[in-house]
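Asks: For reference, the file target27.csv (CSV, C-alpha atoms and all ligand atoms) is included below:
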chain,number,residue,atom,x,y,z
A,24,MET,CA,1.6,-2.9,-11.6
A,25,THR,CA,2.6,-2.4,-8.0
A,26,THR,CA,-0.6,-0.6,-7.3
A,27,ALA,CA,-2.7,-3.6,-8.6
A,28,ARG,CA,-0.6,-5.9,-6.4
A,29,PHE,CA,-1.2,-3.6,-3.4
A,30,ILE,CA,-5.0,-3.5,-3.9
A,31,ARG,CA,-5.0,-7.3,-4.2
A,32,GLU,CA,-3.1,-7.6,-0.9
A,33,PHE,CA,-5.5,-5.2,0.7
A,34,MET,CA,-8.5,-7.2,-0.4
A,35,THR,CA,-7.0,-10.4,1.0
A,36,ARG,CA,-5.5,-9.0,4.3
A,37,PRO,CA,-7.0,-5.6,5.1
A,38,ASN,CA,-5.7,-5.5,8.7
A,39,VAL,CA,-2.2,-6.4,7.7
A,40,VAL,CA,-1.9,-4.0,4.8
A,41,GLY,CA,-4.1,-1.3,6.4
A,42,ALA,CA,-4.2,1.0,3.3
A,43,VAL,CA,-6.1,1.1,0.1
A,44,ALA,CA,-3.3,2.5,-2.0
A,45,PRO,CA,0.5,2.8,-1.9
A,46,SER,CA,1.8,5.9,0.0
A,47,SER,CA,2.4,9.0,-2.2
A,48,ARG,CA,5.7,10.5,-2.9
A,49,GLY,CA,4.6,13.5,-0.9
A,50,LEU,CA,4.0,11.3,2.2
A,51,ALA,CA,7.4,9.6,1.7
A,52,ARG,CA,9.2,12.9,1.6
A,53,ARG,CA,7.3,14.2,4.7
A,54,MET,CA,8.3,10.9,6.5
A,55,LEU,CA,12.0,11.6,6.0
A,56,GLU,CA,12.0,15.4,6.4
A,57,GLY,CA,14.5,16.4,9.1
A,58,LEU,CA,16.2,13.0,9.4
A,59,ASP,CA,19.9,12.9,8.7
A,60,LEU,CA,20.0,9.5,7.1
A,61,GLY,CA,23.2,10.4,5.2
A,62,SER,CA,25.3,10.2,8.4
A,63,ALA,CA,23.2,7.4,10.1
A,64,LYS,CA,25.0,4.2,11.0
A,65,ALA,CA,21.9,2.0,11.1
A,66,VAL,CA,18.4,2.5,9.7
A,67,VAL,CA,15.6,0.0,9.7
A,68,GLU,CA,12.3,0.1,7.8
A,69,PHE,CA,9.2,-1.6,9.0
A,70,GLY,CA,6.5,-2.8,6.5
A,71,PRO,CA,7.9,-1.4,3.2
A,72,GLY,CA,4.9,-2.6,1.2
A,73,THR,CA,5.5,-1.6,-2.4
A,74,GLY,CA,8.5,0.5,-1.5
A,75,SER,CA,7.3,4.2,-1.5
A,76,PHE,CA,9.4,5.0,1.6
A,77,THR,CA,12.2,2.5,0.5
A,78,GLN,CA,12.8,4.5,-2.6
A,79,GLU,CA,13.4,7.7,-0.6
A,80,ILE,CA,15.5,6.0,2.0
A,81,VAL,CA,17.8,4.4,-0.6
A,82,ARG,CA,18.3,7.9,-2.1
A,83,ARG,CA,19.3,9.4,1.3
A,84,ILE,CA,21.4,6.9,3.2
A,85,GLY,CA,25.1,7.3,3.2
A,86,PRO,CA,27.7,4.9,1.9
A,87,GLY,CA,28.4,3.7,5.5
A,88,THR,CA,24.8,3.3,6.6
A,89,ARG,CA,23.6,-0.2,7.4
A,90,TYR,CA,20.0,-0.5,6.3
A,91,PHE,CA,17.5,-3.4,6.2
A,92,ALA,CA,13.7,-3.7,5.8
A,93,ILE,CA,11.2,-6.1,7.5
A,94,GLU,CA,8.1,-7.1,5.6
A,95,ARG,CA,5.7,-9.7,6.8
A,96,SER,CA,3.7,-10.4,3.6
A,97,PRO,CA,5.4,-12.8,1.1
A,98,GLU,CA,3.6,-11.0,-1.8
A,99,MET,CA,4.9,-7.5,-0.7
A,100,ALA,CA,8.4,-9.0,0.0
A,101,ALA,CA,8.5,-10.3,-3.5
A,102,ALA,CA,7.5,-6.9,-4.8
A,103,ILE,CA,10.4,-5.3,-2.9
A,104,ARG,CA,12.9,-7.8,-4.0
A,105,GLU,CA,11.9,-7.2,-7.6
A,106,ARG,CA,12.0,-3.4,-7.3
A,107,PHE,CA,15.1,-3.1,-5.1
A,108,PRO,CA,17.2,-6.2,-5.6
A,109,ARG,CA,20.1,-4.6,-3.5
A,110,VAL,CA,18.0,-3.8,-0.4
A,111,LYS,CA,18.4,-6.3,2.4
A,112,LEU,CA,14.9,-7.6,3.3
A,113,HIS,CA,13.8,-9.9,6.0
A,114,GLU,CA,10.4,-11.7,5.5
A,115,ASP,CA,9.4,-11.5,9.1
A,116,SER,CA,7.4,-9.4,11.7
A,117,ALA,CA,8.7,-6.1,12.8
A,118,GLY,CA,8.2,-7.4,16.4
A,119,ASN,CA,11.3,-9.5,15.8
A,120,VAL,CA,13.5,-6.5,15.0
A,121,GLU,CA,15.9,-7.2,17.9
A,122,SER,CA,16.9,-10.6,16.7
A,123,LEU,CA,17.1,-9.4,13.1
A,124,CYS,CA,19.5,-6.6,14.1
A,125,GLN,CA,21.6,-9.2,15.9
A,126,ARG,CA,21.6,-11.3,12.7
A,127,GLU,CA,22.7,-8.2,10.7
A,128,GLY,CA,25.5,-7.5,13.2
A,129,ILE,CA,23.8,-4.4,14.4
A,130,GLU,CA,24.0,-4.0,18.2
A,131,PRO,CA,20.5,-3.5,19.7
A,132,GLY,CA,20.4,-0.1,21.2
A,133,SER,CA,22.4,1.4,18.4
A,134,VAL,CA,19.9,2.0,15.6
A,135,ASP,CA,19.7,5.7,14.6
A,136,CYS,CA,16.3,5.6,12.9
A,137,ILE,CA,13.3,3.4,12.3
A,138,VAL,CA,11.0,4.4,9.4
A,139,SER,CA,7.7,2.6,9.8
A,140,GLY,CA,5.1,2.0,7.1
A,141,LEU,CA,3.0,-0.2,9.4
A,142,PRO,CA,-0.7,0.4,9.7
A,143,PHE,CA,-0.6,0.7,13.5
A,144,ALA,CA,-4.2,1.9,13.7
A,145,ALA,CA,-5.4,-1.4,12.2
A,146,PHE,CA,-3.5,-3.4,14.8
A,147,PRO,CA,-4.9,-4.7,18.1
A,148,ASP,CA,-3.5,-3.0,21.2
A,149,GLY,CA,-1.2,-6.0,22.1
A,150,LEU,CA,0.5,-5.9,18.7
A,151,GLN,CA,1.0,-2.1,18.8
A,152,ARG,CA,2.7,-2.5,22.2
A,153,GLU,CA,4.8,-5.4,21.2
A,154,ILE,CA,6.2,-3.7,18.1
A,155,LEU,CA,6.8,-0.4,19.8
A,156,ALA,CA,8.6,-2.0,22.7
A,157,ALA,CA,10.8,-3.9,20.3
A,158,ALA,CA,11.5,-0.7,18.4
A,159,ILE,CA,12.5,1.2,21.5
A,160,ARG,CA,14.9,-1.6,22.5
A,161,VAL,CA,16.9,-1.4,19.3
A,162,LEU,CA,17.0,2.4,19.0
A,163,LYS,CA,20.0,4.3,20.4
A,164,PRO,CA,19.4,7.0,23.0
A,165,GLY,CA,18.0,10.0,21.1
A,166,GLY,CA,17.1,7.7,18.2
A,167,ARG,CA,14.2,8.6,15.9
A,168,PHE,CA,11.0,6.6,15.1
A,169,VAL,CA,8.8,8.0,12.3
A,170,THR,CA,5.4,6.6,11.3
A,171,PHE,CA,2.4,7.9,9.5
A,172,ALA,CA,-1.3,7.9,10.4
A,173,TYR,CA,-4.5,8.6,8.3
A,174,TYR,CA,-6.7,11.4,9.6
A,175,ILE,CA,-9.7,9.1,9.2
A,176,ALA,CA,-8.2,6.3,11.2
A,177,ASN,CA,-7.4,8.7,14.0
A,178,LEU,CA,-11.2,9.1,14.6
A,179,LYS,CA,-11.3,5.5,15.7
A,180,ARG,CA,-10.3,4.2,19.2
A,181,ALA,CA,-7.3,2.2,17.9
A,182,GLY,CA,-5.9,5.3,16.3
A,183,ARG,CA,-6.3,7.4,19.4
A,184,ASN,CA,-4.8,4.6,21.6
A,185,PHE,CA,-1.8,4.5,19.3
A,186,ARG,CA,-1.1,8.2,19.7
A,187,ARG,CA,-1.3,7.8,23.5
A,188,LEU,CA,1.0,4.8,23.3
A,189,LEU,CA,3.5,6.8,21.4
A,190,GLU,CA,3.4,9.6,23.9
A,191,ASP,CA,3.9,7.1,26.8
A,192,SER,CA,6.8,5.4,25.0
A,193,PHE,CA,8.9,8.3,23.6
A,194,ASP,CA,10.5,11.4,25.1
A,195,GLU,CA,9.1,13.6,22.3
A,196,VAL,CA,6.3,13.1,19.8
A,197,GLN,CA,5.7,15.7,17.1
A,198,THR,CA,3.0,15.7,14.5
A,199,SER,CA,3.8,16.9,11.0
A,200,ARG,CA,1.8,19.1,8.6
A,201,GLY,CA,-0.8,17.0,6.7
A,202,VAL,CA,-0.3,15.4,3.3
A,203,ILE,CA,-3.7,16.1,1.9
A,204,LEU,CA,-3.1,14.7,-1.6
A,205,ASN,CA,-2.2,11.3,-0.2
A,206,VAL,CA,-5.0,8.7,-0.5
A,207,PRO,CA,-6.3,8.9,2.2
A,208,PRO,CA,-4.9,12.2,3.6
A,209,ALA,CA,-2.2,11.5,6.2
A,210,PHE,CA,0.3,13.0,8.6
A,211,VAL,CA,3.5,11.8,10.3
A,212,TYR,CA,4.4,11.2,13.9
A,213,ARG,CA,8.1,12.1,14.6
A,214,CYS,CA,9.2,10.5,17.8
A,215,ARG,CA,12.5,10.6,19.7
A,216,LYS,CA,13.7,8.1,22.3
A,217,ALA,CA,15.0,9.6,25.6
A,218,GLY,CA,18.7,10.5,25.2
A,301,LIG,C1,0.3,0.5,4.7
A,301,LIG,S1,1.3,-0.8,3.9
A,301,LIG,C2,2.8,-0.1,3.4
A,301,LIG,C3,2.7,1.2,2.8
A,301,LIG,C4,4.0,1.6,2.0
A,301,LIG,N1,4.5,2.9,2.5
A,301,LIG,C5,3.7,1.6,0.5
A,301,LIG,O1,3.5,2.7,0.0
A,301,LIG,O2,3.5,0.6,-0.1
A,301,LIG,C6,1.8,-1.7,5.3
A,301,LIG,C7,2.8,-2.8,5.1
A,301,LIG,O3,3.2,-3.4,6.4
A,301,LIG,C8,3.2,-4.8,6.2
A,301,LIG,N2,3.1,-5.4,7.6
A,301,LIG,C9,1.9,-5.5,8.3
A,301,LIG,N3,2.2,-6.0,9.6
A,301,LIG,C10,3.6,-6.2,9.6
A,301,LIG,C11,4.5,-6.6,10.6
A,301,LIG,N4,4.0,-7.1,11.8
A,301,LIG,N5,5.8,-6.7,10.3
A,301,LIG,C12,6.3,-6.3,9.1
A,301,LIG,N6,5.5,-5.8,8.1
A,301,LIG,C13,4.1,-5.8,8.4
A,301,LIG,C14,2.1,-5.1,5.3
A,301,LIG,O4,2.3,-6.4,4.7
A,301,LIG,C15,2.2,-4.0,4.3
A,301,LIG,O5,3.1,-4.3,3.2
Before anything else, please render the file you have as structure tokens.
Ligand SMILES: C[S@@+](CC[C@H](N)C(=O)[O-])C[C@H]1O[C@@H](n2cnc3c(N)ncnc32)[C@H](O)[C@@H]1O
Replies:
Amino acid sequence: MTTARFIREFMTRPNVVGAVAPSSRGLARRMLEGLDLGSAKAVVEFGPGTGSFTQEIVRRIGPGTRYFAIERSPEMAAAIRERFPRVKLHEDSAGNVESLCQREGIEPGSVDCIVSGLPFAAFPDGLQREILAAAIRVLKPGGRFVTFAYYIANLKRAGRNFRRLLEDSFDEVQTSRGVILNVPPAFVYRCRKAG
């Protein structure tokens, strides 16, 4: 059911959804590999879509972790509310993460980790910059930002620009092993804000 909803959203708003199918469990696990969410104080998810990453985040966060998600599409937000009624969700743009943290009582500059499901390679340069700048403002020194990319999208200029932007914005950017069985095949960027 969620896959049908996802495809419908993709047909209506391809540059907002940016994917033809929900992320696989393998990609969700690769996204969260090496992150200590159990002892994190604050975690934010960008663009949860149908909730593939949400499911893994909810499993891993600790009892004291503050966690909320930001989803711009009303359709996808409804899907998340249905599937995860206990997850705190803001129907908004990830570019507004700073004011949303304030609303949640999370001090900007104190977020341990941002898990992003956003299709950055489908975004224009200005939007990529706006969202990344906002992400960096809310992360704590040494905080982590993880996001995925499709190999195929990286052949395009926007995909290559996004990689350069990550390298200019973060102290450290690592590329994970590929998740070949994801549709389409993908990998993860693991970024660290300067400490
Ligand atoms: C590639 S899909 C999510 C994939 C997700 N991992 C899944 O399996 O469903 C990207 C999601 O980001 C959302 N999105 C796009 N632009 C956004 C923005 N500026 N702020 C928040 N969410 C956004 C889309 O509505 C969509 O649900």
Asks: Go through A:Ser116, A:Ser133, A:Thr170, A:Ser47 and flag the residue nearest Val66 in chain A, using only C-alpha atoms for the distances.
Replies: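 Of A:Ser116, A:Ser133, A:Thr170, A:Ser47, the one nearest Val66 in chain A, counting only C-alpha atoms, is A:Ser133.
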Asks: How close does chain A get to ligand LIG 301 (chain A)? List, as a tab-separated table, each residue of chain A within 6 Å, its nearest atom pair and the distance in Å to one decimal, counting all atoms listed in the file.
Replies:
residue	atom	partner	partner_atom	distance
A:Val39	CA	A:LIG301	C9	4.2
A:Val40	CA	A:LIG301	C15	4.1
A:Gly41	CA	A:LIG301	C1	5.0
A:Ala42	CA	A:LIG301	C1	4.7
A:Pro45	CA	A:LIG301	O1	3.6
A:Ser46	CA	A:LIG301	O1	3.6
A:Phe69	CA	A:LIG301	C12	5.5
A:Gly70	CA	A:LIG301	O3	3.4
A:Pro71	CA	A:LIG301	C4	5.1
A:Gly72	CA	A:LIG301	O5	3.2
A:Thr73	CA	A:LIG301	O2	3.8
A:Gly74	CA	A:LIG301	O2	5.2
A:Ser75	CA	A:LIG301	O1	4.4
A:Phe76	CA	A:LIG301	N1	5.4
A:Ile93	CA	A:LIG301	C12	5.2
A:Glu94	CA	A:LIG301	N6	3.8
A:Arg95	CA	A:LIG301	N6	4.1
A:Ser96	CA	A:LIG301	O4	4.4
A:Met99	CA	A:LIG301	O5	5.4
A:Ser116	CA	A:LIG301	N5	3.4
A:Ala117	CA	A:LIG301	N5	3.9
A:Gly140	CA	A:LIG301	N1	4.7
A:Leu141	CA	A:LIG301	O3	4.4
A:Pro142	CA	A:LIG301	C1	5.1
Asks: For the residues in that selection, give me C-alpha atoms as an mmCIF file, keeping the file's coordinate frame.
Replies:
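Wrote it out as part-v6.cif, contents follow:
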data_model
loop_
_atom_site.group_PDB
_atom_site.id
_atom_site.type_symbol
_atom_site.label_atom_id
_atom_site.label_comp_id
_atom_site.auth_asym_id
_atom_site.auth_seq_id
_atom_site.Cartn_x
_atom_site.Cartn_y
_atom_site.Cartn_z
ATOM 1 C CA VAL A 39 -2.200 -6.400 7.700
ATOM 2 C CA VAL A 40 -1.900 -4.000 4.800
ATOM 3 C CA GLY A 41 -4.100 -1.300 6.400
ATOM 4 C CA ALA A 42 -4.200 1.000 3.300
ATOM 5 C CA PRO A 45 0.500 2.800 -1.900
ATOM 6 C CA SER A 46 1.800 5.900 0.000
ATOM 7 C CA PHE A 69 9.200 -1.600 9.000
ATOM 8 C CA GLY A 70 6.500 -2.800 6.500
ATOM 9 C CA PRO A 71 7.900 -1.400 3.200
ATOM 10 C CA GLY A 72 4.900 -2.600 1.200
ATOM 11 C CA THR A 73 5.500 -1.600 -2.400
ATOM 12 C CA GLY A 74 8.500 0.500 -1.500
ATOM 13 C CA SER A 75 7.300 4.200 -1.500
ATOM 14 C CA PHE A 76 9.400 5.000 1.600
ATOM 15 C CA ILE A 93 11.200 -6.100 7.500
ATOM 16 C CA GLU A 94 8.100 -7.100 5.600
ATOM 17 C CA ARG A 95 5.700 -9.700 6.800
ATOM 18 C CA SER A 96 3.700 -10.400 3.600
ATOM 19 C CA MET A 99 4.900 -7.500 -0.700
ATOM 20 C CA SER A 116 7.400 -9.400 11.700
ATOM 21 C CA ALA A 117 8.700 -6.100 12.800
ATOM 22 C CA GLY A 140 5.100 2.000 7.100
ATOM 23 C CA LEU A 141 3.000 -0.200 9.400
ATOM 24 C CA PRO A 142 -0.700 0.400 9.700
#
Asks: Kindly give the distance, in Å, that separates CA of Tyr212 in chain A and CA of Phe171 in chain A, rounded to a single decimal.
Replies: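 Straight-line distance from CA of Tyr212 in chain A to CA of Phe171 in chain A works out to 5.9 Å.
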Asks: For a test of reading the model, state the distance in Å between CA of Cys136 in chain A and CA of Phe168 in chain A, rounded to one decimal.
Replies: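 CA of Phe168 in chain A lies at a distance of 5.8 Å from CA of Cys136 in chain A.
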Asks: Grab the CA of Gly132 in chain A to CA of Pro164 in chain A distance for me, in Å with one decimal place.
Replies: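 These two atoms are separated by 7.4 Å.
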Asks: Near range 195-197 of chain A, counting only C-alpha atoms, which residues have an atom at most 10 Å away, once you skip same-chain residues fewer than 2 positions from it, shown as a PyMOL selection string?
Replies: chain A and resi 165+167-169+186-187+189-193+199-200+211-217
Asks: Given only C-alpha atoms as the basis, pick out the residue of A:Arg109, A:Arg48, A:Lys163, A:Lys64 nearest to Val81 in chain A.
Replies: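 Smallest distance to Val81 in chain A is found for A:Arg109.
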Asks: Give me, as a ChimeraX atom specification, all polymer residues having an atom no more than 12 Å from Glu130 in chain A, counting only C-alpha atoms and skipping those fewer than 3 positions away in the same chain.
Replies: /A:64-65,89,120-127,133-135,160-163
Asks: With distances taken over all atoms listed in the file, which of A:Leu204, A:Leu155, A:Ala92, A:Ala209 is nearest to Met54 in chain A?
Replies: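 Looking only at the distances to Met54 in chain A, the closest residue turns out to be A:Ala209.
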Asks: Can you tell me which residues surround Pro147 in chain A at a distance of at most 10 Å, considering all atoms listed in the file, apart from same-chain residues fewer than 2 positions away, and format the answer as number ranges by chain?
Replies: A: 38, 143-145, 149-152, 181, 184-185
Asks: Nearest to Ser139 in chain A among A:Ala101, A:Ile154, A:Val110, A:Leu178, with distances taken over all atoms listed in the file: which residue is it?
Replies: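 Checking each candidate against Ser139 in chain A, we get A:Ile154 as the closest.
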Asks: Kindly compute an axis-aligned box around the listed atoms of range 47-54 of chain A, allowing 5 Å on each side, and express its centre and edge lengths in Å to one decimal as AutoDock Vina command-line options.
Replies:
--center_x 5.8 --center_y 11.6 --center_z 1.8 --size_x 16.8 --size_y 15.2 --size_z 19.4
Asks: Find the residue from A:Ile84, A:Leu188, A:Phe146, A:Val138 that sits nearest to Ala176 in chain A; use only C-alpha atoms when measuring.
Replies: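 Once distances to Ala176 in chain A are computed over only C-alpha atoms, the minimum belongs to A:Phe146.
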Asks: Could you tell me which of A:Thr77, A:Ile137, A:Arg53, A:Leu58 comes closest to Phe107 in chain A if we count only C-alpha atoms?
Replies: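 The answer is A:Thr77, which sits nearest to Phe107 in chain A.
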Asks: For range 44-71 of chain A of the block above, can you save N, CA and C atoms as an mmCIF file, in the first residue's frame?
Replies:
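The result, stored in result_18.cif:
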data_model
loop_
_atom_site.group_PDB
_atom_site.id
_atom_site.type_symbol
_atom_site.label_atom_id
_atom_site.label_comp_id
_atom_site.auth_asym_id
_atom_site.auth_seq_id
_atom_site.Cartn_x
_atom_site.Cartn_y
_atom_site.Cartn_z
ATOM 1 N N ALA A 44 10.838 4.442 -5.951
ATOM 2 C CA ALA A 44 10.357 3.427 -4.998
ATOM 3 C C ALA A 44 10.878 3.762 -3.601
ATOM 4 N N PRO A 45 10.177 3.294 -2.563
ATOM 5 C CA PRO A 45 10.694 3.512 -1.207
ATOM 6 C C PRO A 45 12.083 2.894 -1.044
ATOM 7 N N SER A 46 12.881 3.466 -0.127
ATOM 8 C CA SER A 46 14.230 2.937 0.117
ATOM 9 C C SER A 46 14.128 1.533 0.703
ATOM 10 N N SER A 47 15.113 0.678 0.349
ATOM 11 C CA SER A 47 15.109 -0.700 0.846
ATOM 12 C C SER A 47 15.587 -0.744 2.299
ATOM 13 N N ARG A 48 15.329 -1.884 2.935
ATOM 14 C CA ARG A 48 15.812 -2.093 4.305
ATOM 15 C C ARG A 48 17.343 -2.056 4.346
ATOM 16 N N GLY A 49 17.958 -2.597 3.282
ATOM 17 C CA GLY A 49 19.424 -2.594 3.201
ATOM 18 C C GLY A 49 19.977 -1.172 3.200
ATOM 19 N N LEU A 50 19.316 -0.274 2.464
ATOM 20 C CA LEU A 50 19.782 1.117 2.428
ATOM 21 C C LEU A 50 19.550 1.779 3.788
ATOM 22 N N ALA A 51 18.411 1.472 4.402
ATOM 23 C CA ALA A 51 18.116 2.057 5.727
ATOM 24 C C ALA A 51 19.195 1.648 6.728
ATOM 25 N N ARG A 52 19.592 0.400 6.687
ATOM 26 C CA ARG A 52 20.626 -0.077 7.625
ATOM 27 C C ARG A 52 21.972 0.565 7.329
ATOM 28 N N ARG A 53 22.284 0.681 6.042
ATOM 29 C CA ARG A 53 23.557 1.302 5.668
ATOM 30 C C ARG A 53 23.569 2.762 6.120
ATOM 31 N N MET A 54 22.423 3.439 6.051
ATOM 32 C CA MET A 54 22.327 4.842 6.488
ATOM 33 C C MET A 54 22.718 4.985 7.955
ATOM 34 N N LEU A 55 22.298 4.021 8.760
ATOM 35 C CA LEU A 55 22.449 4.192 10.209
ATOM 36 C C LEU A 55 23.681 3.493 10.778
ATOM 37 N N GLU A 56 24.400 2.772 9.915
ATOM 38 C CA GLU A 56 25.614 2.071 10.337
ATOM 39 C C GLU A 56 26.595 3.046 10.994
ATOM 40 N N GLY A 57 27.093 2.671 12.159
ATOM 41 C CA GLY A 57 28.134 3.482 12.795
ATOM 42 C C GLY A 57 27.619 4.675 13.578
ATOM 43 N N LEU A 58 26.305 4.911 13.570
ATOM 44 C CA LEU A 58 25.763 6.040 14.341
ATOM 45 C C LEU A 58 25.295 5.520 15.699
ATOM 46 N N ASP A 59 25.696 6.200 16.756
ATOM 47 C CA ASP A 59 25.268 5.755 18.077
ATOM 48 C C ASP A 59 23.979 6.503 18.463
ATOM 49 N N LEU A 60 22.864 6.069 17.879
ATOM 50 C CA LEU A 60 21.603 6.784 18.137
ATOM 51 C C LEU A 60 21.099 6.514 19.555
ATOM 52 N N GLY A 61 21.531 5.376 20.124
ATOM 53 C CA GLY A 61 21.060 5.002 21.470
ATOM 54 C C GLY A 61 21.450 6.010 22.532
ATOM 55 N N SER A 62 22.598 6.675 22.351
ATOM 56 C CA SER A 62 22.982 7.644 23.375
ATOM 57 C C SER A 62 22.861 9.086 22.869
ATOM 58 N N ALA A 63 22.243 9.255 21.688
ATOM 59 C CA ALA A 63 22.068 10.616 21.155
ATOM 60 C C ALA A 63 21.022 11.367 21.977
ATOM 61 N N LYS A 64 21.260 12.678 22.141
ATOM 62 C CA LYS A 64 20.258 13.500 22.853
ATOM 63 C C LYS A 64 19.187 14.002 21.883
ATOM 64 N N ALA A 65 19.613 14.318 20.642
ATOM 65 C CA ALA A 65 18.634 14.833 19.670
ATOM 66 C C ALA A 65 18.946 14.333 18.264
ATOM 67 N N VAL A 66 17.915 13.808 17.623
ATOM 68 C CA VAL A 66 18.032 13.284 16.253
ATOM 69 C C VAL A 66 16.895 13.885 15.424
ATOM 70 N N VAL A 67 17.208 14.326 14.202
ATOM 71 C CA VAL A 67 16.175 14.868 13.306
ATOM 72 C C VAL A 67 16.234 14.095 11.989
ATOM 73 N N GLU A 68 15.059 13.783 11.438
ATOM 74 C CA GLU A 68 15.001 13.123 10.133
ATOM 75 C C GLU A 68 14.396 14.084 9.115
ATOM 76 N N PHE A 69 15.023 14.186 7.954
ATOM 77 C CA PHE A 69 14.507 15.015 6.858
ATOM 78 C C PHE A 69 13.835 14.096 5.829
ATOM 79 N N GLY A 70 12.631 14.427 5.383
ATOM 80 C CA GLY A 70 11.971 13.721 4.282
ATOM 81 C C GLY A 70 11.778 12.233 4.529
ATOM 82 N N PRO A 71 11.029 11.846 5.572
ATOM 83 C CA PRO A 71 10.875 10.415 5.875
ATOM 84 C C PRO A 71 10.127 9.628 4.808
#
